[in-house]
$ cat structure_0.txt   # compact mmCIF, C-alpha atoms
# COMPACT_ATOMS: atom_id res chain seq x y z
CA MET A 1 90.38 13.04 150.07
CA THR A 2 94.10 13.66 150.46
CA THR A 3 96.15 15.06 147.59
CA ALA A 4 99.90 14.93 147.05
CA ALA A 5 102.05 16.83 144.59
CA LEU A 6 104.90 15.08 142.80
CA ILE A 7 107.24 17.60 141.18
CA VAL A 8 109.62 16.22 138.56
CA ALA A 9 112.91 18.13 138.83
CA ALA A 10 115.67 15.65 137.96
CA GLY A 11 116.26 16.81 134.38
CA ARG A 12 119.24 18.77 133.10
CA GLY A 13 117.33 21.36 131.00
CA ARG A 14 120.22 22.08 128.60
CA ARG A 15 118.14 23.95 125.99
CA ALA A 16 117.45 26.73 128.49
CA GLY A 17 121.15 27.64 128.65
CA GLY A 18 122.83 29.07 131.72
CA PRO A 19 125.33 27.63 134.19
CA LEU A 20 122.76 25.52 136.06
CA PRO A 21 119.83 23.29 135.11
CA LYS A 22 116.88 25.59 134.48
CA GLN A 23 115.00 24.63 137.65
CA TRP A 24 117.77 26.12 139.82
CA GLN A 25 118.20 29.33 137.83
CA GLU A 26 116.60 32.45 139.27
CA VAL A 27 113.48 34.12 137.94
CA ALA A 28 111.58 36.89 139.75
CA GLY A 29 114.04 36.78 142.64
CA ALA A 30 114.00 33.04 143.40
CA PRO A 31 114.90 29.71 141.75
CA VAL A 32 112.33 28.40 139.27
CA ALA A 33 111.78 25.41 141.56
CA ARG A 34 110.99 27.69 144.51
CA HIS A 35 108.08 29.28 142.66
CA THR A 36 106.78 25.86 141.62
CA LEU A 37 107.00 24.53 145.17
CA GLN A 38 105.18 27.55 146.58
CA ALA A 39 102.30 26.98 144.16
CA LEU A 40 101.81 23.45 145.51
CA ALA A 41 103.00 23.70 149.13
CA HIS A 42 99.44 23.86 150.52
CA LEU A 43 98.66 20.27 149.47
CA ASP A 44 98.76 17.39 151.96
CA GLN A 45 102.16 16.12 150.79
CA VAL A 46 104.80 17.45 148.40
CA VAL A 47 107.59 15.32 146.94
CA MET A 48 110.19 16.74 144.58
CA VAL A 49 112.28 14.27 142.56
CA ILE A 50 115.79 15.59 141.91
CA HIS A 51 119.11 14.58 140.41
CA PRO A 52 121.51 13.40 143.16
CA ASP A 53 124.01 16.08 142.14
CA ASP A 54 121.44 18.79 142.90
CA GLN A 55 120.81 17.99 146.57
CA GLY A 56 122.24 21.27 147.86
CA LEU A 57 120.45 23.39 145.28
CA ALA A 58 117.18 21.62 146.01
CA GLU A 59 117.51 22.06 149.76
CA ALA A 60 118.07 25.78 149.28
CA ALA A 61 115.06 26.13 146.97
CA ALA A 62 112.83 24.17 149.35
CA ARG A 63 113.95 25.94 152.53
CA ASP A 64 111.13 26.36 155.08
CA LEU A 65 108.63 24.60 152.80
CA PRO A 66 107.03 21.21 153.61
CA VAL A 67 108.82 19.28 150.85
CA ARG A 68 110.41 15.84 150.75
CA LEU A 69 113.32 15.36 148.34
CA VAL A 70 113.73 12.07 146.47
CA HIS A 71 116.52 11.10 144.06
CA GLY A 72 115.34 10.30 140.55
CA GLY A 73 116.34 7.81 137.87
CA HIS A 74 117.86 7.84 134.39
CA GLU A 75 114.62 8.66 132.55
CA ARG A 76 111.66 10.85 133.46
CA ALA A 77 109.41 7.83 133.86
CA ASP A 78 111.91 6.30 136.32
CA SER A 79 111.88 9.51 138.35
CA VAL A 80 108.09 9.62 138.45
CA ARG A 81 107.91 6.00 139.58
CA LEU A 82 110.46 6.61 142.34
CA GLY A 83 108.51 9.67 143.47
CA LEU A 84 105.26 7.72 143.53
CA GLU A 85 106.88 4.93 145.54
CA ALA A 86 108.17 7.49 148.04
CA LEU A 87 104.54 8.37 148.76
CA GLU A 88 103.48 4.76 149.28
CA ARG A 89 103.97 4.57 153.06
CA ASP A 90 101.43 7.34 153.66
CA ALA A 91 99.58 6.95 150.39
CA PRO A 92 97.37 9.86 149.30
CA ASP A 93 94.08 9.41 147.49
CA LEU A 94 95.16 11.62 144.58
CA VAL A 95 98.47 12.71 143.13
CA LEU A 96 99.24 15.66 140.87
CA ILE A 97 102.39 15.17 138.76
CA HIS A 98 103.88 18.52 137.73
CA ASP A 99 106.90 19.67 135.75
CA VAL A 100 109.20 21.83 137.88
CA ALA A 101 109.74 24.10 134.86
CA ARG A 102 106.14 25.35 135.04
CA PRO A 103 106.49 27.89 137.87
CA CYS A 104 103.52 30.10 136.89
CA LEU A 105 100.80 27.59 137.79
CA PRO A 106 97.49 29.45 138.28
CA PRO A 107 95.55 28.30 141.37
CA ALA A 108 92.33 28.00 139.34
CA LEU A 109 93.97 25.51 136.98
CA LEU A 110 95.10 23.38 139.90
CA GLU A 111 91.57 23.40 141.28
CA SER A 112 90.12 22.38 137.90
CA VAL A 113 92.31 19.27 137.77
CA GLN A 114 91.37 18.32 141.33
CA GLU A 115 87.69 18.82 140.62
CA ALA A 116 87.83 16.60 137.51
CA LEU A 117 89.38 13.81 139.57
CA ARG A 118 86.14 13.55 141.53
CA THR A 119 84.58 11.82 138.52
CA HIS A 120 87.53 10.57 136.46
CA PRO A 121 90.55 8.36 137.23
CA GLY A 122 92.79 10.88 135.48
CA ALA A 123 92.66 14.54 134.47
CA ALA A 124 95.10 16.91 132.81
CA PRO A 125 95.06 20.45 131.41
CA ALA A 126 95.54 21.12 127.72
CA LEU A 127 95.15 23.91 125.18
CA ALA A 128 93.50 23.29 121.84
CA VAL A 129 95.85 23.82 118.89
CA SER A 130 94.69 27.00 117.14
CA ASP A 131 97.50 27.60 114.64
CA ALA A 132 97.75 25.97 111.24
CA LEU A 133 99.99 22.89 111.20
CA TRP A 134 102.56 22.31 108.48
CA THR A 135 105.01 19.63 107.62
CA GLY A 136 108.36 20.76 106.31
CA GLU A 137 111.70 19.65 104.93
CA ALA A 138 114.89 21.53 104.09
CA GLY A 139 113.33 24.80 105.23
CA LYS A 140 110.29 24.49 102.95
CA VAL A 141 106.63 23.70 103.63
CA THR A 142 105.79 20.24 102.32
CA GLY A 143 102.20 19.92 103.45
CA THR A 144 99.55 20.67 106.07
CA ARG A 145 97.87 18.70 108.82
CA ASP A 146 94.36 18.92 110.20
CA ARG A 147 94.48 20.51 113.67
CA SER A 148 91.03 19.28 114.69
CA GLY A 149 91.11 17.39 117.96
CA LEU A 150 94.75 18.28 118.70
CA PHE A 151 95.82 19.69 122.07
CA ARG A 152 98.98 21.01 123.68
CA ALA A 153 99.49 19.11 126.93
CA GLN A 154 100.28 20.81 130.21
CA THR A 155 100.79 19.74 133.81
CA PRO A 156 99.84 19.02 136.55
CA GLN A 157 98.50 15.71 135.36
CA GLY A 158 96.35 14.25 138.12
CA PHE A 159 95.41 10.68 138.93
CA ARG A 160 94.07 8.41 141.60
CA TYR A 161 97.28 7.48 143.35
CA ALA A 162 96.95 3.70 143.42
CA ASP A 163 96.01 3.59 139.73
CA ILE A 164 98.95 5.62 138.43
CA LEU A 165 101.45 3.84 140.68
CA ALA A 166 100.32 0.48 139.29
CA ALA A 167 100.38 1.89 135.74
CA HIS A 168 103.97 3.13 136.07
CA ARG A 169 105.18 -0.13 137.59
CA ALA A 170 103.68 -2.09 134.69
CA HIS A 171 104.71 0.25 131.85
CA PRO A 172 107.56 -0.90 129.53
CA GLY A 173 108.85 2.66 129.09
CA GLY A 174 109.03 5.17 126.26
CA ALA A 175 105.85 7.11 127.16
CA ALA A 176 105.67 10.80 126.27
CA ASP A 177 104.12 11.70 129.62
CA ASP A 178 102.06 10.35 132.50
CA VAL A 179 98.82 10.62 130.55
CA GLN A 180 100.18 8.10 128.05
CA VAL A 181 101.22 5.79 130.89
CA ALA A 182 97.70 6.03 132.30
CA ARG A 183 95.98 5.46 128.96
CA ASP A 184 98.21 2.47 128.19
CA ALA A 185 96.92 1.02 131.46
CA GLY A 186 93.33 1.54 130.35
CA LEU A 187 92.60 4.64 132.45
CA ASP A 188 90.39 7.40 131.08
CA VAL A 189 91.88 10.88 131.32
CA ALA A 190 89.67 13.95 131.25
CA ILE A 191 90.86 17.13 129.55
CA VAL A 192 90.42 20.34 131.52
CA PRO A 193 91.05 23.75 129.93
CA GLY A 194 94.70 24.73 130.15
CA ASP A 195 96.06 28.22 130.67
CA GLU A 196 98.55 30.12 128.52
CA ARG A 197 100.15 31.49 131.70
CA ASN A 198 101.13 27.96 132.68
CA LEU A 199 104.14 28.05 130.38
CA LYS A 200 107.00 25.57 130.50
CA ILE A 201 110.45 27.14 130.61
CA THR A 202 112.38 25.48 127.79
CA THR A 203 114.53 28.12 126.08
CA PRO A 204 116.37 31.23 127.36
CA GLU A 205 113.56 33.45 126.05
CA ASP A 206 111.04 31.72 128.31
CA PHE A 207 112.70 33.13 131.43
CA ALA A 208 111.71 36.67 130.45
CA ARG A 209 108.09 35.71 130.00
CA ALA A 210 108.03 33.81 133.27
CA GLU A 211 109.59 36.82 135.00
CA THR A 212 106.77 39.04 133.75
CA LEU A 213 104.06 36.59 134.80
CA LEU A 214 105.52 36.00 138.25
CA ARG A 215 106.12 39.68 138.94
CA THR A 216 102.58 40.53 137.86
CA GLY A 217 101.09 37.88 140.12
CA MET A 218 103.08 38.72 143.25
CA ASP A 219 101.38 38.97 146.60
CA ILE A 220 103.00 41.95 148.33
CA ARG A 221 102.29 42.73 151.98
CA LEU A 222 103.30 45.70 154.10
CA GLY A 223 103.35 45.81 157.88
CA ASN A 224 104.25 48.47 160.39
CA GLY A 225 105.45 48.27 163.96
CA TYR A 226 105.79 50.75 166.81
CA ASP A 227 107.38 50.30 170.20
CA VAL A 228 108.40 52.40 173.19
CA HIS A 229 110.62 51.67 176.18
CA ALA A 230 111.42 53.94 179.10
CA PHE A 231 114.88 54.45 180.55
CA GLU A 232 115.97 53.17 183.94
CA GLU A 233 119.25 53.06 185.78
CA GLY A 234 121.98 51.27 183.84
CA ASP A 235 125.07 51.69 181.73
CA ALA A 236 124.11 50.55 178.18
CA VAL A 237 121.18 50.12 175.81
CA ILE A 238 120.62 47.35 173.28
CA LEU A 239 119.34 48.69 169.96
CA CYS A 240 118.83 46.44 166.93
CA GLY A 241 121.04 43.80 168.50
CA VAL A 242 123.97 46.10 169.29
CA GLU A 243 124.97 47.11 172.82
CA ILE A 244 125.70 50.86 173.05
CA PRO A 245 127.28 52.39 176.15
CA HIS A 246 124.96 54.96 177.77
CA SER A 247 124.20 56.46 181.13
CA LYS A 248 120.94 54.49 181.33
CA LYS A 249 119.37 51.29 180.02
CA LEU A 250 115.93 50.52 178.60
CA LYS A 251 113.30 49.01 180.85
CA GLY A 252 111.33 45.99 179.65
CA HIS A 253 110.24 42.41 180.30
CA SER A 254 112.78 41.13 177.76
CA ASP A 255 116.04 42.88 176.84
CA ALA A 256 113.93 45.91 175.76
CA ASP A 257 115.46 46.18 172.27
CA VAL A 258 112.94 48.74 171.04
CA GLY A 259 114.17 48.70 167.42
CA MET A 260 114.08 44.94 167.07
CA HIS A 261 110.63 44.85 168.66
CA ALA A 262 109.29 47.35 166.13
CA VAL A 263 110.69 45.35 163.19
CA THR A 264 109.29 42.12 164.63
CA ASP A 265 105.83 43.66 164.99
CA ALA A 266 106.03 44.98 161.42
CA ILE A 267 106.56 41.43 160.12
CA TYR A 268 103.76 40.07 162.29
CA GLY A 269 101.56 42.90 161.05
CA ALA A 270 102.20 42.06 157.40
CA LEU A 271 101.08 38.51 158.19
CA ALA A 272 98.03 39.70 160.16
CA GLU A 273 99.51 37.88 163.17
CA GLY A 274 99.12 40.54 165.83
CA ASP A 275 102.21 41.56 167.79
CA ILE A 276 104.97 40.12 169.95
CA GLY A 277 102.65 39.94 172.95
CA ARG A 278 100.40 37.47 171.16
CA HIS A 279 103.23 35.04 170.53
CA PHE A 280 105.39 35.75 173.60
CA PRO A 281 103.07 36.99 176.40
CA PRO A 282 104.82 39.24 178.94
CA SER A 283 102.88 37.40 181.64
CA ASP A 284 104.92 34.26 180.87
CA PRO A 285 108.03 34.26 183.10
CA GLN A 286 110.08 32.25 180.60
CA TRP A 287 110.47 35.39 178.48
CA LYS A 288 111.82 37.50 181.37
CA GLY A 289 115.07 39.03 180.12
CA ALA A 290 114.88 37.08 176.84
CA ALA A 291 116.98 38.18 173.88
CA SER A 292 114.76 39.92 171.33
CA GLU A 293 116.53 37.90 168.63
CA ILE A 294 114.22 35.02 169.62
CA PHE A 295 111.14 37.06 168.71
CA LEU A 296 112.54 38.35 165.42
CA LYS A 297 113.65 34.90 164.28
CA HIS A 298 110.19 33.53 165.05
CA ALA A 299 108.53 36.22 162.93
CA CYS A 300 110.93 35.59 160.03
CA ASP A 301 110.44 31.82 160.21
CA LEU A 302 106.66 32.28 160.25
CA ALA A 303 106.79 34.49 157.16
CA ARG A 304 108.96 32.04 155.22
CA ALA A 305 106.84 29.06 156.25
CA ARG A 306 103.91 30.80 154.59
CA GLY A 307 105.86 31.28 151.39
CA TYR A 308 106.84 34.93 151.88
CA ALA A 309 110.27 36.38 151.31
CA ILE A 310 111.18 39.40 153.40
CA SER A 311 112.09 41.97 150.77
CA ASN A 312 113.27 44.71 153.11
CA VAL A 313 112.74 46.34 156.50
CA ASP A 314 113.11 49.97 157.50
CA CYS A 315 113.42 51.05 161.13
CA THR A 316 113.63 54.55 162.58
CA LEU A 317 114.81 55.05 166.16
CA ILE A 318 113.53 58.21 167.86
CA CYS A 319 115.74 59.54 170.64
CA GLU A 320 118.00 62.40 171.67
CA ARG A 321 120.67 60.07 173.00
CA PRO A 322 122.53 57.82 172.51
CA LYS A 323 123.68 58.80 169.05
CA VAL A 324 122.71 56.05 166.63
CA GLY A 325 124.65 57.12 163.53
CA PRO A 326 128.05 55.68 164.56
CA HIS A 327 126.43 52.30 165.23
CA ALA A 328 123.97 52.10 162.30
CA GLU A 329 126.12 49.86 160.08
CA SER A 330 126.71 47.40 162.91
CA MET A 331 122.98 47.34 163.60
CA MET A 332 122.17 46.68 159.95
CA ALA A 333 124.69 43.86 159.81
CA GLU A 334 123.38 42.25 163.01
CA MET A 335 119.73 42.53 161.96
CA GLY A 336 120.66 41.10 158.56
CA ARG A 337 122.37 38.16 160.23
CA ILE A 338 119.35 37.38 162.38
CA MET A 339 116.91 37.75 159.49
CA ASP A 340 119.15 36.01 156.93
CA LEU A 341 119.03 39.12 154.73
CA PRO A 342 121.78 41.14 153.04
CA SER A 343 122.49 44.24 155.12
CA ASP A 344 121.45 46.44 152.19
CA ARG A 345 117.88 45.20 152.69
CA VAL A 346 117.86 46.38 156.30
CA SER A 347 117.62 50.12 156.92
CA ILE A 348 118.37 51.51 160.39
CA LYS A 349 118.26 55.25 160.93
CA ALA A 350 117.49 57.70 163.69
CA THR A 351 115.88 61.05 164.32
CA THR A 352 115.15 63.28 167.29
CA SER A 353 111.84 64.77 168.32
CA GLU A 354 113.33 68.27 168.57
CA ARG A 355 113.28 68.08 172.38
CA LEU A 356 109.51 67.55 172.35
CA GLY A 357 107.63 64.83 174.23
CA PHE A 358 109.02 61.96 176.31
CA THR A 359 111.81 61.22 173.83
CA GLY A 360 112.77 64.89 173.80
CA ARG A 361 112.95 64.86 177.58
CA GLU A 362 115.18 61.76 177.30
CA GLU A 363 112.72 59.61 179.24
CA GLY A 364 112.92 56.76 176.74
CA ILE A 365 113.27 55.67 173.12
CA ALA A 366 110.59 55.01 170.49
CA ALA A 367 110.90 53.10 167.22
CA ILE A 368 108.79 52.73 164.12
CA ALA A 369 109.36 50.10 161.43
CA THR A 370 108.00 48.92 158.10
CA ALA A 371 108.45 45.46 156.57
CA THR A 372 107.75 44.35 153.00
CA LEU A 373 106.89 40.69 152.37
CA VAL A 374 106.61 39.21 148.88
CA LYS A 375 105.05 35.96 147.71
CA SER A 376 104.74 35.20 144.01

$ encode --input "structure_0.txt" --output "C-alpha cells"
Amino acid sequence: MTTAALIVAAGRGRRAGGPLPKQWQEVAGAPVARHTLQALAHLDQVVMVIHPDDQGLAEAAARDLPVRLVHGGHERADSVRLGLEALERDAPDLVLIHDVARPCLPPALLESVQEALRTHPGAAPALAVSDALWTGEAGKVTGTRDRSGLFRAQTPQGFRYADILAAHRAHPGGAADDVQVARDAGLDVAIVPGDERNLKITTPEDFARAETLLRTGMDIRLGNGYDVHAFEEGDAVILCGVEIPHSKKLKGHSDADVGMHAVTDAIYGALAEGDIGRHFPPSDPQWKGAASEIFLKHACDLARARGYAISNVDCTLICERPKVGPHAESMMAEMGRIMDLPSDRVSIKATTSERLGFTGREEGIAAIATATLVKS
C-alpha cells in the first residue's frame, strides 16, 4: 500500500510571536517546517500546503527533499481539501494529515498510525486527559468536569485516501479537525496512543521545548577522509579549489585537488557511501582532468537528499611547500561556496611532517579531513 503525507502549513501562527509564521522560524538550526518534512520525507509522496505569500520560505525549507508545494485556502479545511486534490492524479492508498507545527514526530508514533489503518478507515494519536478539569469565570473556579473518556488530539491523522477526500468534499465546514470530518462522513477512527514529545508549537515557550527535544534526538555522523597525490612537472597546484603557483603540480586522474578529495571522502564516509572511486571510477575516461568540485558537490547533494545538514568540515594539508597559510582564507571561502556553507564552518589548515617521509622529501602532498553531518 502506498502512503502519502499531507502537511498543513498555510496558517499564520500569530500566537507563537516572532517576525515570521511559526513554521518558518528556526528551531534546532533549521525552520520548524524542515524538521517536520524530514520526519515524513521517506513516505511515497509528500505534499505541503502553504500560504501563497510563503512560497520562497517553503522552497528554502524543502530544499533537496522530495516535497510538492500546494497553495492553500482561507480555512484549514480548504487547505486540506486542496492538498488532497493535489494527490488525486497519482492517488495513494493512505494519507497522513499532519500539522507542520509538530516537528518532533517520533517514528514509532507514525508507524502506529499506519499499522492501525490496516484494519480501520481512520486512525489518529491522542493522549488521555489526566489532569482535573475545571470551568471558570472571572478568574475563579465555577465547577468541575468529568475527564473520563476525554483525549487530547494529535496528528498525523491517517485515513484511506479516497474516503477522506470524499468526506472533505462533502463537508459543510466548521470541523475542528480531520477526524471530525471523517466521523461526520460515517467513518470510524481508531485511537492510537499519542506521545508527549509530539508537541504542537503554539506559544513562544514551545520553541524552547521543541529545541530540547530535537537536539536530544539528533542523528550525528562523523566521517574521515585521506588522500595523497604525488608531484610532477608543472607550475601550479590546486588545493581546496584555489590555484597556487608552485614549481610543480599534483599528478592525478582528475585535477588532483588532494584537499577537496579528502573532504569529499569524509562526507561519503559519514554516509557509509565508500569513497570518490565508487561514485567516479578512475577507469572511466569522462572523469579525466575533471574539476574536483564535481565530486564535492555530489557528496553534499547526497547528504542533503538524505536529510543531513553538513555542520562543519576540517581539512589538514600536509606538505613542506607550497605554503598554505597565505591562501587558507581563499580556500575556506571557495570550499564554502561549493558546499553552500558559511566559511566559518570550513576549516583549512596545514602542517609539515618535519622533513620526514614522502611529504618531507617534497614528493607530494597528503590531506586528512573530518566532516560532521547532522539530522534531527

$ closest_atom_pairs --input "structure_0.txt" --of "stretch 103-137 of chain A" --to "stretch 30-35 of chain A" --cutoff "10 Å" --atoms "only C-alpha atoms" --output "Markdown table"
| residue | atom | partner | partner_atom | distance |
| --- | --- | --- | --- | --- |
| A:Pro103 | CA | A:His35 | CA | 5.2 |
| A:Cys104 | CA | A:His35 | CA | 7.4 |
| A:Leu105 | CA | A:His35 | CA | 8.9 |

$ residues_around --input "structure_0.txt" --residues "A:Val27" --least-positions-apart "5" --cutoff "8 Å" --atoms "all atoms listed in the file" --output "list of chain:residue names"
A:Val32, A:Phe207, A:Ala210, A:Glu211

$ atom_distance --input "structure_0.txt" --atom1 "atom CA of A:Asn224" --atom2 "atom CA of A:Leu271"
10.7 Å

$ residues_around --input "structure_0.txt" --residues "A:Ala9" --least-positions-apart "4" --cutoff "7 Å" --atoms "only C-alpha atoms" --output "PDB file with C-alpha atoms, keeping the file's coordinate frame"
ATOM      1  CA  GLN A  23     115.000  24.630 137.650  1.00  0.00           C
ATOM      2  CA  MET A  48     110.190  16.740 144.580  1.00  0.00           C
ATOM      3  CA  VAL A  49     112.280  14.270 142.560  1.00  0.00           C
ATOM      4  CA  ILE A  50     115.790  15.590 141.910  1.00  0.00           C
ATOM      5  CA  ASP A  99     106.900  19.670 135.750  1.00  0.00           C
ATOM      6  CA  VAL A 100     109.200  21.830 137.880  1.00  0.00           C
TER       7      VAL A 100
END

$ atom_distance --input "structure_0.txt" --atom1 "atom CA of A:Ala61" --atom2 "atom CA of A:Leu37"
8.4 Å

$ atom_distance --input "structure_0.txt" --atom1 "atom CA of A:Trp287" --atom2 "atom CA of A:Ala262"
17.2 Å

$ closest_residue --input "structure_0.txt" --among "A:Asp284, A:Asp219, A:Asp90, A:Asp78" --to "A:Ala270" --atoms "only C-alpha atoms"
A:Asp219

$ residues_around --input "structure_0.txt" --residues "A:Tyr226" --least-positions-apart "5" --cutoff "9 Å" --atoms "all atoms listed in the file" --output "PyMOL selection string"
chain A and resi 258-259+261-263+265-266+366-369

$ closest_residue --input "structure_0.txt" --among "A:Thr142, A:Gln38, A:Asn312, A:Ser254" --to "A:Ala290" --atoms "only C-alpha atoms"
A:Ser254

$ closest_residue --input "structure_0.txt" --among "A:Gly83, A:Pro66, A:Gly29, A:Gly307" --to "A:Ala10" --atoms "all atoms listed in the file"
A:Gly83

$ residues_around --input "structure_0.txt" --residues "stretch 179-194 of chain A" --least-positions-apart "5" --cutoff "9 Å" --atoms "all atoms listed in the file" --output "PDB file with C-alpha atoms, in the frame of the given file"
ATOM      1  CA  ALA A  77     109.410   7.830 133.860  1.00  0.00           C
ATOM      2  CA  LEU A 109      93.970  25.510 136.980  1.00  0.00           C
ATOM      3  CA  SER A 112      90.120  22.380 137.900  1.00  0.00           C
ATOM      4  CA  VAL A 113      92.310  19.270 137.770  1.00  0.00           C
ATOM      5  CA  ALA A 116      87.830  16.600 137.510  1.00  0.00           C
ATOM      6  CA  LEU A 117      89.380  13.810 139.570  1.00  0.00           C
ATOM      7  CA  HIS A 120      87.530  10.570 136.460  1.00  0.00           C
ATOM      8  CA  PRO A 121      90.550   8.360 137.230  1.00  0.00           C
ATOM      9  CA  GLY A 122      92.790  10.880 135.480  1.00  0.00           C
ATOM     10  CA  ALA A 123      92.660  14.540 134.470  1.00  0.00           C
ATOM     11  CA  ALA A 124      95.100  16.910 132.810  1.00  0.00           C
ATOM     12  CA  PRO A 125      95.060  20.450 131.410  1.00  0.00           C
ATOM     13  CA  ALA A 126      95.540  21.120 127.720  1.00  0.00           C
ATOM     14  CA  LEU A 127      95.150  23.910 125.180  1.00  0.00           C
ATOM     15  CA  ALA A 128      93.500  23.290 121.840  1.00  0.00           C
ATOM     16  CA  ARG A 152      98.980  21.010 123.680  1.00  0.00           C
ATOM     17  CA  ALA A 153      99.490  19.110 126.930  1.00  0.00           C
ATOM     18  CA  GLN A 154     100.280  20.810 130.210  1.00  0.00           C
ATOM     19  CA  THR A 155     100.790  19.740 133.810  1.00  0.00           C
ATOM     20  CA  GLN A 157      98.500  15.710 135.360  1.00  0.00           C
ATOM     21  CA  GLY A 158      96.350  14.250 138.120  1.00  0.00           C
ATOM     22  CA  PHE A 159      95.410  10.680 138.930  1.00  0.00           C
ATOM     23  CA  ASP A 163      96.010   3.590 139.730  1.00  0.00           C
ATOM     24  CA  ILE A 164      98.950   5.620 138.430  1.00  0.00           C
ATOM     25  CA  ALA A 166     100.320   0.480 139.290  1.00  0.00           C
ATOM     26  CA  ALA A 167     100.380   1.890 135.740  1.00  0.00           C
ATOM     27  CA  HIS A 168     103.970   3.130 136.070  1.00  0.00           C
ATOM     28  CA  ALA A 170     103.680  -2.090 134.690  1.00  0.00           C
ATOM     29  CA  HIS A 171     104.710   0.250 131.850  1.00  0.00           C
ATOM     30  CA  GLY A 173     108.850   2.660 129.090  1.00  0.00           C
TER      31      GLY A 173
END

$ closest_residue --input "structure_0.txt" --among "A:Ala28, A:Ala16, A:Arg304, A:Ala4" --to "A:Glu88" --atoms "only C-alpha atoms"
A:Ala4

$ closest_residue --input "structure_0.txt" --among "A:Leu373, A:Leu40, A:Ile318, A:Val237" --to "A:Gly360" --atoms "all atoms listed in the file"
A:Ile318

$ closest_residue --input "structure_0.txt" --among "A:Val374, A:Ile294, A:Ala305, A:Val141" --to "A:Val67" --atoms "only C-alpha atoms"
A:Ala305

$ residues_near_point --input "structure_0.txt" --point "(104.0, 33.3, 159.1)" --cutoff "12 Å" --atoms "all atoms listed in the file" --output "count of residues only"
30

$ axis_aligned_box --input "structure_0.txt" --around "stretch 17-21 of chain A" --padding-each-side "3 Å" --output "lines of an AutoDock Vina configuration file"
center_x = 122.6
center_y = 26.2
center_z = 132.4
size_x = 11.5
size_y = 11.8
size_z = 13.4
